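Each remark here refers to the structure printed beneath this line.
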Amino acid sequence: MAEADGSSRAFLGLSDVSISADIPVEGDISMPPTSSSKDDGFSTLDEPVKDTVLRDLKAVGNKFVHVLYPKKSKALLRDWDLWGPLLLCVTLALLLQGGSVDSKDDGGPQFAEVFVIIWFGSLIITLNSKLLGGTISFFQSLCVLGYCIMPLTVAMVVCRIVLLGGSGTVSFVVRLVVVCASFGWSTFASTAFLADSQPQNRKALVVYPVFLFYFVIGWMILTFAPAQ
């Protein structure tokens, strides 16, 4: 009984224990601040289809502008897409159809062949860039190479218009100048975007396949002749 009385007195004494205000209390139990931004619950799945299409078309148009005025910019690498390259590839392949050699045994630039040459060539250049230590991603490189086909696609349109007036010497000279200018434009634009992503001592090894890639496409455009 004496022990019980002693224990009860000890527990009763604990009620008089208080924490001094001078003793710091560690820890933080405050609630995290909530963001009041209007975009918290926003998703592209919630916006109208029209807005989505217009936003994507605007992004593709901006990339075309960057190719028209090539400069060292990461805009084409930051927001990459493959819609523009696909559109240019299909357009170029369609324009190269109907050549005078399409129906012969030597084989003309059929749609599938042009499509494979462009995409397989871009794939090889991208792999070469990555193996040489490039810092850009696989799809970023495909995006740059595809968008930079635009000058050659424009050259193909001009050549088709020139060929409407005949295929004489003057026509060939005009097409040669247009294709050479577009070839240089495409090569310069692509290297301007890809240069900073490559090691300094290996840039020549990256530019050379790009040069060959656009040269083959330019040669296909220059040697195109419409069916009679």
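Ordering of the structure tokens sets the chain letters (A, B, ...); residue numbers start at 1 within each chain; ligands are numbered from 1 in the order shown.
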
> Could you write out, as a PyMOL selection string, all the residues of range 89-162 of chain A that DSSP marks as helix (DSSP H, G or I)?
Replying inline: chain A and resi 89-95+111-131+138-147+150-162

>> I'd like the contact shell of Thr135 in chain A - 8 Å cut-off, only C-alpha atoms, skipping same-chain residues fewer than 5 positions apart - returned as a PyMOL selection string.
In response: chain A and resi 130+197-198

>> Give me, as a ChimeraX atom specification, all polymer residues having an atom no more than 12 Å from Arg78 in chain A, counting only C-alpha atoms and skipping those fewer than 4 positions away in the same chain.
In response: /A:59,63,73-74,136-137,139-141,143-144,193

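Here CA of Pro226 in chain A and CA of Val90 in chain A stand 18.4 Å from one another.
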
>> So that I can see what lies close to range 166-170 of chain A, please list as an MDAnalysis selection string the residues with an atom at most 12 Å from it, counting only C-alpha atoms and leaving out residues fewer than 2 positions away in the same chain.
In response: chainID A and resid 159:164 172:177 222:228

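Distances from A:Ser186, A:Ile118, A:Gly134, A:Val65 to Asn201 in chain A were compared using only C-alpha atoms, and the smallest one belongs to A:Gly134.
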